[in-house]
>>> print(open('final-v5.cif').read())   # mmCIF, C-alpha atoms
data_work
loop_
_atom_site.label_atom_id
_atom_site.label_comp_id
_atom_site.auth_asym_id
_atom_site.auth_seq_id
_atom_site.Cartn_x
_atom_site.Cartn_y
_atom_site.Cartn_z
CA MET A 1 0.00 0.00 0.00
CA ALA A 2 1.47 3.09 -1.03
CA ILE A 3 1.56 5.97 1.35
CA GLU A 4 0.36 9.04 -0.18
CA GLN A 5 2.72 11.81 0.24
CA LYS A 6 0.86 14.97 1.02
CA LYS A 7 2.45 18.34 1.29
CA VAL A 8 1.45 20.01 4.56
CA ASN A 9 0.85 23.63 4.24
CA PRO A 10 0.64 25.68 7.45
CA ALA A 11 -2.59 27.26 8.24
CA SER A 12 -0.97 30.61 8.71
CA ASN A 13 2.67 31.79 8.52
CA VAL A 14 2.04 34.28 11.32
CA TYR A 15 1.69 31.63 13.92
CA THR A 16 4.71 29.90 12.56
CA ALA A 17 6.62 33.15 12.95
CA LEU A 18 5.34 33.53 16.49
CA LEU A 19 6.49 30.01 17.36
CA ALA A 20 9.83 30.72 15.78
CA ALA A 21 10.14 33.93 17.74
CA ALA A 22 9.27 32.15 20.94
CA CYS A 23 11.75 29.40 20.28
CA LEU A 24 14.44 31.95 19.41
CA ALA A 25 13.76 33.90 22.56
CA VAL A 26 13.93 30.78 24.72
CA PHE A 27 17.10 29.58 22.97
CA SER A 28 18.77 32.97 23.24
CA THR A 29 17.92 33.17 26.90
CA ALA A 30 19.24 29.68 27.54
CA VAL A 31 22.50 30.49 25.72
CA TYR A 32 22.86 33.77 27.57
CA VAL A 33 22.20 32.19 30.96
CA THR A 34 24.61 29.37 30.15
CA ILE A 35 27.37 31.77 29.20
CA ILE A 36 26.83 33.88 32.24
CA CYS A 37 26.80 30.88 34.56
CA TYR A 38 29.90 29.42 33.03
CA ASN A 39 31.74 32.67 33.15
CA GLN A 40 30.85 33.38 36.73
CA TYR A 41 30.87 29.93 38.30
CA GLU A 42 32.76 27.86 35.73
CA THR A 43 30.02 25.29 35.76
CA ILE A 44 26.55 25.04 34.42
CA PHE A 45 24.59 22.36 36.25
CA LYS A 46 26.42 22.15 39.58
CA VAL A 47 25.99 24.39 42.62
CA VAL A 48 29.32 25.76 43.62
CA LYS A 49 30.32 25.10 47.27
CA PRO A 50 32.96 26.98 49.06
CA MET B 1 -5.96 24.85 13.13
CA SER B 2 -8.36 25.55 15.80
CA SER B 3 -8.74 28.85 17.47
CA PHE B 4 -7.62 27.38 20.79
CA THR B 5 -4.37 26.27 19.19
CA LYS B 6 -3.83 29.71 17.85
CA PHE B 7 -4.58 31.16 21.24
CA LEU B 8 -2.07 28.80 22.84
CA ILE B 9 0.60 29.74 20.27
CA VAL B 10 0.10 33.39 20.96
CA MET B 11 0.12 32.89 24.75
CA LEU B 12 3.22 30.65 24.49
CA THR B 13 5.02 33.29 22.53
CA VAL B 14 4.03 36.09 24.87
CA PHE B 15 4.92 34.24 28.04
CA SER B 16 8.12 32.92 26.47
CA ILE B 17 9.23 36.42 25.67
CA PHE B 18 8.14 37.69 29.05
CA LEU B 19 9.92 34.86 30.86
CA CYS B 20 13.03 35.29 28.79
CA GLY B 21 13.01 38.99 29.53
CA ILE B 22 12.66 38.40 33.25
CA VAL B 23 15.43 35.78 33.22
CA VAL B 24 17.79 37.94 31.23
CA THR B 25 17.07 40.90 33.45
CA TYR B 26 17.64 38.86 36.60
CA VAL B 27 20.80 37.22 35.36
CA ALA B 28 22.16 40.47 34.08
CA SER B 29 21.49 42.24 37.32
CA ALA B 30 22.55 39.37 39.61
CA ASN B 31 25.77 39.67 41.63
CA ASN B 32 28.80 37.60 40.89
CA TRP B 33 28.65 35.69 44.14
CA LYS B 34 31.79 33.72 43.47
CA GLN B 35 33.79 36.84 42.89
CA GLU B 36 32.38 38.39 46.01
CA TYR B 37 33.04 35.18 47.89
CA ASN B 38 36.63 35.16 46.72
CA ALA B 39 37.02 38.81 47.65
CA LEU B 40 35.57 38.17 51.08
CA ASP B 41 37.72 35.10 51.43
CA ASP B 42 40.76 37.13 50.57
CA GLN B 43 39.73 39.74 53.09
CA ILE B 44 39.20 37.05 55.72
CA SER B 45 42.60 35.59 54.95
CA ALA B 46 44.19 38.98 55.21
CA LEU B 47 42.35 39.63 58.44
CA LYS B 48 43.45 36.25 59.78
CA LYS B 49 47.03 37.09 58.84
CA ASN B 50 46.72 40.47 60.52
CA LEU B 51 45.19 38.79 63.53
CA ALA B 52 48.05 36.33 63.70
CA SER B 53 50.63 39.07 63.34
CA GLU B 54 48.83 41.16 65.95
CA GLN B 55 48.74 38.15 68.24
CA ASN B 56 52.46 37.65 67.68
CA ARG B 57 53.10 41.30 68.38
CA LEU B 58 50.91 41.04 71.44
CA MET B 59 52.89 38.03 72.61
CA GLU B 60 56.13 39.87 72.02
CA LYS B 61 54.77 42.87 73.86
CA GLU B 62 53.73 40.62 76.72
CA LYS B 63 57.18 39.07 76.79
CA GLN B 64 58.78 42.51 76.73
CA LEU B 65 56.46 43.65 79.48
CA GLU B 66 57.27 40.59 81.56
CA THR B 67 60.98 41.19 81.00
CA ARG B 68 60.56 44.85 81.89
CA ILE B 69 58.57 43.92 84.98
CA ASP B 70 61.33 41.50 86.02
CA GLU B 71 63.95 44.21 85.45
CA LEU B 72 61.91 46.72 87.41
CA LEU B 73 61.47 44.24 90.24
CA ALA B 74 65.22 43.57 90.27
CA GLU B 75 65.89 47.31 90.18
CA ASN B 76 63.36 47.81 92.94
CA ASN B 77 65.13 45.22 95.06
CA SER B 78 68.53 46.79 94.39
CA LEU B 79 67.10 50.22 95.22
CA LYS B 80 65.69 48.85 98.45
CA THR B 81 69.11 47.43 99.28
CA GLU B 82 70.78 50.74 98.47
CA LEU B 83 68.14 52.55 100.52
CA THR B 84 68.94 50.33 103.48
CA LYS B 85 72.65 51.00 103.04
CA MET B 86 72.00 54.72 102.71
CA GLU B 87 69.92 54.67 105.88
CA VAL B 88 72.79 52.97 107.69
CA GLN B 89 75.24 55.52 106.28
CA VAL B 90 72.95 58.38 107.28
CA GLY B 91 72.79 56.95 110.79
CA ASP B 92 76.58 56.71 110.91
CA ALA B 93 76.92 60.24 109.54
CA LEU B 94 74.49 61.57 112.15
CA ARG B 95 76.45 59.81 114.88
CA GLU B 96 79.73 61.21 113.58
CA SER B 97 78.24 64.69 113.31
CA ARG B 98 77.11 64.48 116.93
CA ILE B 99 80.61 63.38 117.97
CA ASN B 100 82.16 66.17 115.91
CA LEU B 101 79.73 68.67 117.43
CA GLN B 102 80.76 67.51 120.89
CA ARG B 103 84.43 67.85 119.89
CA VAL B 104 83.79 71.34 118.56
CA SER B 105 82.14 72.37 121.82
CA ASP B 106 85.05 70.87 123.79
CA SER B 107 87.52 72.61 121.50
CA THR B 108 85.64 75.86 122.01
CA GLY B 109 86.11 75.53 125.76
CA VAL B 110 89.78 74.72 125.34
CA ILE B 111 90.21 77.65 122.95
CA GLU B 112 88.47 79.93 125.42
CA GLY B 113 90.84 78.76 128.15
CA LEU B 114 93.82 79.27 125.86
CA ARG B 115 92.53 82.71 124.96
CA GLN B 116 92.29 83.64 128.63
CA THR B 117 95.78 82.24 129.21
CA ILE B 118 97.12 84.22 126.25
CA GLU B 119 95.38 87.33 127.56
CA GLY B 120 97.01 86.81 130.96
CA MET B 121 100.38 86.23 129.28
CA ARG B 122 99.84 89.37 127.25
CA VAL B 123 99.12 91.37 130.39
CA SER B 124 102.19 89.83 132.01
CA LEU B 125 104.21 90.66 128.89
CA ASP B 126 103.02 94.25 129.02
CA ALA B 127 103.95 94.45 132.67
CA THR B 128 107.32 92.89 131.89
CA ARG B 129 107.84 95.38 129.05
CA THR B 130 106.96 98.24 131.36
CA ASP B 131 109.32 96.85 133.97
CA LEU B 132 112.00 96.41 131.30
CA THR B 133 111.50 100.00 130.18
CA ASP B 134 111.86 101.16 133.76
CA LYS B 135 114.93 99.00 134.21
CA THR B 136 116.37 100.32 130.97
CA ALA B 137 115.78 103.87 132.13
CA GLN B 138 117.36 103.03 135.47
CA LEU B 139 120.29 101.41 133.68
CA ALA B 140 120.70 104.47 131.53
CA SER B 141 120.68 106.73 134.57
CA VAL B 142 123.08 104.41 136.41
CA SER B 143 125.34 104.29 133.37
CA LYS B 144 125.26 108.05 133.20
CA LYS B 145 126.02 108.26 136.88
CA LEU B 146 128.80 105.67 136.44
CA ASN B 147 130.31 107.70 133.66
CA GLU B 148 130.18 110.79 135.81
CA ILE B 149 131.75 108.87 138.68
CA ASN B 150 134.41 107.45 136.39
CA THR B 151 135.17 110.91 135.13
CA GLU B 152 135.27 112.22 138.67
CA LEU B 153 137.35 109.21 139.69
CA ASP B 154 139.81 109.88 136.90
CA ASN B 155 139.99 113.50 138.01
CA LYS B 156 140.47 112.41 141.61
CA ILE B 157 143.12 109.89 140.58
CA VAL B 158 144.94 112.56 138.64
CA GLU B 159 144.53 114.89 141.60
CA LEU B 160 145.71 112.10 143.91
CA ASP B 161 148.75 111.47 141.75
CA THR B 162 149.46 115.17 141.81
CA LEU B 163 148.98 115.26 145.56
CA GLU B 164 151.15 112.18 146.00
CA ALA B 165 153.84 113.83 143.90
CA VAL B 166 153.48 116.98 145.96
CA ASN B 167 153.44 114.89 149.12
CA LYS B 168 156.52 113.11 147.97
CA GLN B 169 158.24 116.38 147.22
CA LEU B 170 157.16 117.73 150.56
CA LEU B 171 158.35 114.60 152.31
CA GLU B 172 161.66 114.93 150.55
CA LYS B 173 161.78 118.58 151.49
CA SER B 174 160.76 117.64 155.01
CA SER B 175 163.47 115.03 155.26
CA ASP B 176 165.91 117.53 153.86
CA LEU B 177 164.76 120.10 156.36
CA GLU B 178 164.95 117.54 159.17
CA LYS B 179 168.41 116.72 158.13
CA MET B 180 169.24 120.39 157.93
CA ILE B 181 167.58 121.38 161.17
CA GLY B 182 168.62 118.27 163.00
CA GLY B 183 165.67 116.80 164.83
CA LYS B 184 163.27 119.75 164.86
CA THR B 185 159.68 119.17 163.84
CA VAL B 186 157.88 121.15 161.16
CA SER B 187 154.34 122.17 160.76
CA THR B 188 152.20 119.56 158.98
CA GLY B 189 149.13 121.65 158.22
CA THR B 190 149.51 121.32 154.51
CA VAL B 191 150.22 117.60 154.69
CA THR B 192 147.22 116.96 156.89
CA THR B 193 145.10 118.76 154.45
CA ILE B 194 146.43 116.59 151.66
CA LYS B 195 145.87 113.39 153.66
CA ASP B 196 142.30 114.43 154.44
CA ALA B 197 141.69 115.01 150.82
CA ALA B 198 143.23 111.63 150.00
CA THR B 199 141.10 109.74 152.49
CA VAL B 200 137.84 111.29 151.30
CA ILE B 201 138.19 109.92 147.80
CA PRO B 202 138.21 106.15 148.59
CA VAL B 203 135.14 106.51 150.82
CA GLU B 204 133.12 107.95 147.96
CA TYR B 205 134.53 105.40 145.57
CA VAL B 206 133.53 102.50 147.83
CA ALA B 207 130.06 103.91 148.33
CA VAL B 208 129.56 104.29 144.61
CA SER B 209 131.15 100.96 143.76
CA GLU B 210 128.82 99.13 146.15
CA ASN B 211 125.87 100.60 144.35
CA ILE B 212 127.13 100.20 140.81
CA VAL B 213 129.48 97.22 140.46
CA SER B 214 127.60 93.96 140.18
CA LEU B 215 128.72 90.59 141.48
CA ASN B 216 128.38 87.57 139.21
CA GLY B 217 128.53 83.86 140.00
CA LEU B 218 126.95 80.47 139.50
CA VAL B 219 124.50 78.32 141.41
CA SER B 220 126.67 75.58 142.97
CA GLU B 221 124.14 73.65 145.08
CA VAL B 222 120.36 73.47 145.29
CA ASP B 223 118.47 72.14 148.32
CA MET B 224 114.82 72.15 147.29
CA LYS B 225 113.73 70.51 150.52
CA ASN B 226 114.75 73.55 152.56
CA LYS B 227 114.60 75.96 149.61
CA LEU B 228 118.26 76.87 150.10
CA VAL B 229 120.63 77.67 147.26
CA THR B 230 124.40 77.97 147.42
CA VAL B 231 126.24 80.35 145.10
CA SER B 232 129.90 80.37 144.11
CA VAL B 233 130.80 83.85 145.47
CA GLY B 234 131.54 84.76 149.09
CA THR B 235 132.99 87.46 151.29
CA ALA B 236 136.19 87.41 149.26
CA ASP B 237 134.16 88.67 146.34
CA GLY B 238 132.29 91.28 148.40
CA VAL B 239 129.16 89.32 149.26
CA ALA B 240 127.41 90.34 152.47
CA SER B 241 124.45 88.91 154.35
CA GLY B 242 121.15 90.32 153.13
CA MET B 243 122.34 90.89 149.58
CA ARG B 244 119.89 89.95 146.82
CA PHE B 245 121.06 87.91 143.84
CA HIS B 246 119.00 87.42 140.67
CA VAL B 247 119.09 83.93 139.17
CA THR B 248 118.85 83.76 135.35
CA ARG B 249 119.13 81.02 132.74
CA GLY B 250 119.91 82.56 129.40
CA ASP B 251 117.37 85.37 129.01
CA GLN B 252 114.90 83.76 131.41
CA PHE B 253 114.46 85.07 134.94
CA ILE B 254 114.33 82.19 137.43
CA CYS B 255 114.13 83.61 140.98
CA ASP B 256 115.84 85.82 143.56
CA ILE B 257 118.19 84.65 146.31
CA VAL B 258 118.50 86.61 149.56
CA ILE B 259 121.86 85.74 151.16
CA THR B 260 121.58 84.49 154.72
CA HIS B 261 124.93 82.71 155.26
CA VAL B 262 128.27 83.91 153.95
CA ASP B 263 131.63 82.09 153.71
CA SER B 264 134.86 83.26 152.20
CA ASP B 265 134.36 81.57 148.82
CA LYS B 266 130.63 80.75 148.81
CA SER B 267 127.39 81.87 150.29
CA ALA B 268 123.87 80.52 150.77
CA GLY B 269 120.46 82.09 150.76
CA VAL B 270 116.70 81.48 150.52
CA LEU B 271 114.51 81.72 147.41
CA GLU B 272 112.14 84.56 146.67
CA LEU B 273 109.98 85.54 143.63
CA VAL B 274 110.23 81.97 142.34
CA GLN B 275 109.18 81.74 138.64
CA SER B 276 110.79 78.31 138.26
CA TYR B 277 113.22 76.32 140.32
CA PRO B 278 116.95 76.98 139.84
CA LYS B 279 119.46 74.38 138.69
CA VAL B 280 123.16 73.94 139.30
CA GLY B 281 125.01 76.11 136.78
CA ASP B 282 122.42 78.91 136.54
CA ASN B 283 123.85 82.44 136.55
CA VAL B 284 123.49 84.65 139.63
CA SER B 285 124.04 88.38 139.63
CA THR B 286 123.24 91.31 141.84
CA SER B 287 121.89 93.22 138.85
CA LEU B 288 119.83 92.14 135.86
#
>>> encode(input="final-v5.cif", output="structure tokens")
Amino acid sequence: MAIEQKKVNPASNVYTALLAAACLAVFSTAVYVTIICYNQYETIFKVVKP
Amino acid sequence: MSSFTKFLIVMLTVFSIFLCGIVVTYVASANNWKQEYNALDDQISALKKNLASEQNRLMEKEKQLETRIDELLAENNSLKTELTKMEVQVGDALRESRINLQRVSDSTGVIEGLRQTIEGMRVSLDATRTDLTDKTAQLASVSKKLNEINTELDNKIVELDTLEAVNKQLLEKSSDLEKMIGGKTVSTGTVTTIKDAATVIPVEYVAVSENIVSLNGLVSEVDMKNKLVTVSVGTADGVASGMRFHVTRGDQFICDIVITHVDSDKSAGVLELVQSYPKVGDNVSTSL
């Protein structure tokens, strides 16, 4: 049985742009926080103890 | 796409942006706790080092203070010892000063006695000087009188020689006349006159010589028990009972001797005006 290949067209490009903007914002924030944490504490996932 | 899905997409986007903004703002404004911790740790280390150094300095200061306290205690003990010695010395000095004060007061009494003695000796010296002046004046007058008498004696001797020559001539003439006359006597008025004149002269001479000529001798015996002294001149030298001899030793007057017994070559007498006792060999004289 052959699977019919259908081309999905988004309902609206605006919402796609909004999702992309949200993803970009989250990614940028994560990168920024990661850089800051690494620069200041030299680690990312571990709590620094004296 | 349903409307709810669209709504969710929009809300997800809004909240995502809002959350990302909050997170970025918080992270950007958050403190660098590690850096602050390191800074505080450095400060604590520095403070600990300062504390240790201050403690060391404090210990050194305490040691210095203890050493200084020991030195001061030792010095205090030595000062106490010196104070005790000084108190003993002060006591000795006070005792010596009292003794010296007593000596000074004794010496003052002795000096006062010596001063009185010197004053008495001075008075005696003045009296002796006055007496000496009187004696000197008397000696001068006696010397003058002696010179006059000597002059008169020389004149008398010359006159006597002349009279003897005249007498001799007269005797020769008389003998010649006797021979010529043959046993007749002649008047002797002139001769008698000459003899009278000749006999007058020796009487005056003897009287003067007794007053002027002094007799000198030595003390030959001393009898202190009976206060009798024997001198080496007697009647052969012109000594008579009751005569007064002055005993001297050098320039010092010793005493007087009043003759009570007289022999031909010695005489004895009693002491008067005794200043000190005579010795054998002292000079005796009738005049000073």
>>> resolve_selection(input="final-v5.cif", expression="the PyMOL selection byres ((chain B) within 9 of (chain A))", output="PyMOL selection string")
chain B and resi 1+6+9-10+12-17+19-21+23-24+27-28+32-35+37
>>> atom_distance(input="final-v5.cif", atom1="CA of Val247 in chain B", atom2="CA of Asp282 in chain B")
6.6 Å
>>> atom_distance(input="final-v5.cif", atom1="CA of Lys61 in chain B", atom2="CA of Ile44 in chain B")
24.6 Å
>>> atom_distance(input="final-v5.cif", atom1="CA of Asn147 in chain B", atom2="CA of Asp161 in chain B")
20.5 Å
>>> residues_near_point(input="final-v5.cif", point="(118.7, 70.3, 147.6)", cutoff="12 Å", atoms="only C-alpha atoms", output="list of chain:residue names")
B:Val219, B:Ser220, B:Glu221, B:Val222, B:Asp223, B:Met224, B:Lys225, B:Asn226, B:Lys227, B:Leu228, B:Val229, B:Thr230, B:Ala268, B:Val270, B:Tyr277, B:Pro278, B:Lys279, B:Val280
>>> residues_around(input="final-v5.cif", residues="Ala240 in chain B", least_positions_apart="5", cutoff="9 Å", atoms="all atoms listed in the file", output="ChimeraX atom specification")
/B:234-235,259-262,267
>>> closest_residue(input="final-v5.cif", among="B:Ala39, B:Leu215, B:Ala30, B:Val231", to="Leu288 in chain B", atoms="all atoms listed in the file")
B:Leu215
>>> closest_residue(input="final-v5.cif", among="B:Gly238, B:Met59, B:Ala93, B:Glu159", to="Ser264 in chain B", atoms="all atoms listed in the file")
B:Gly238
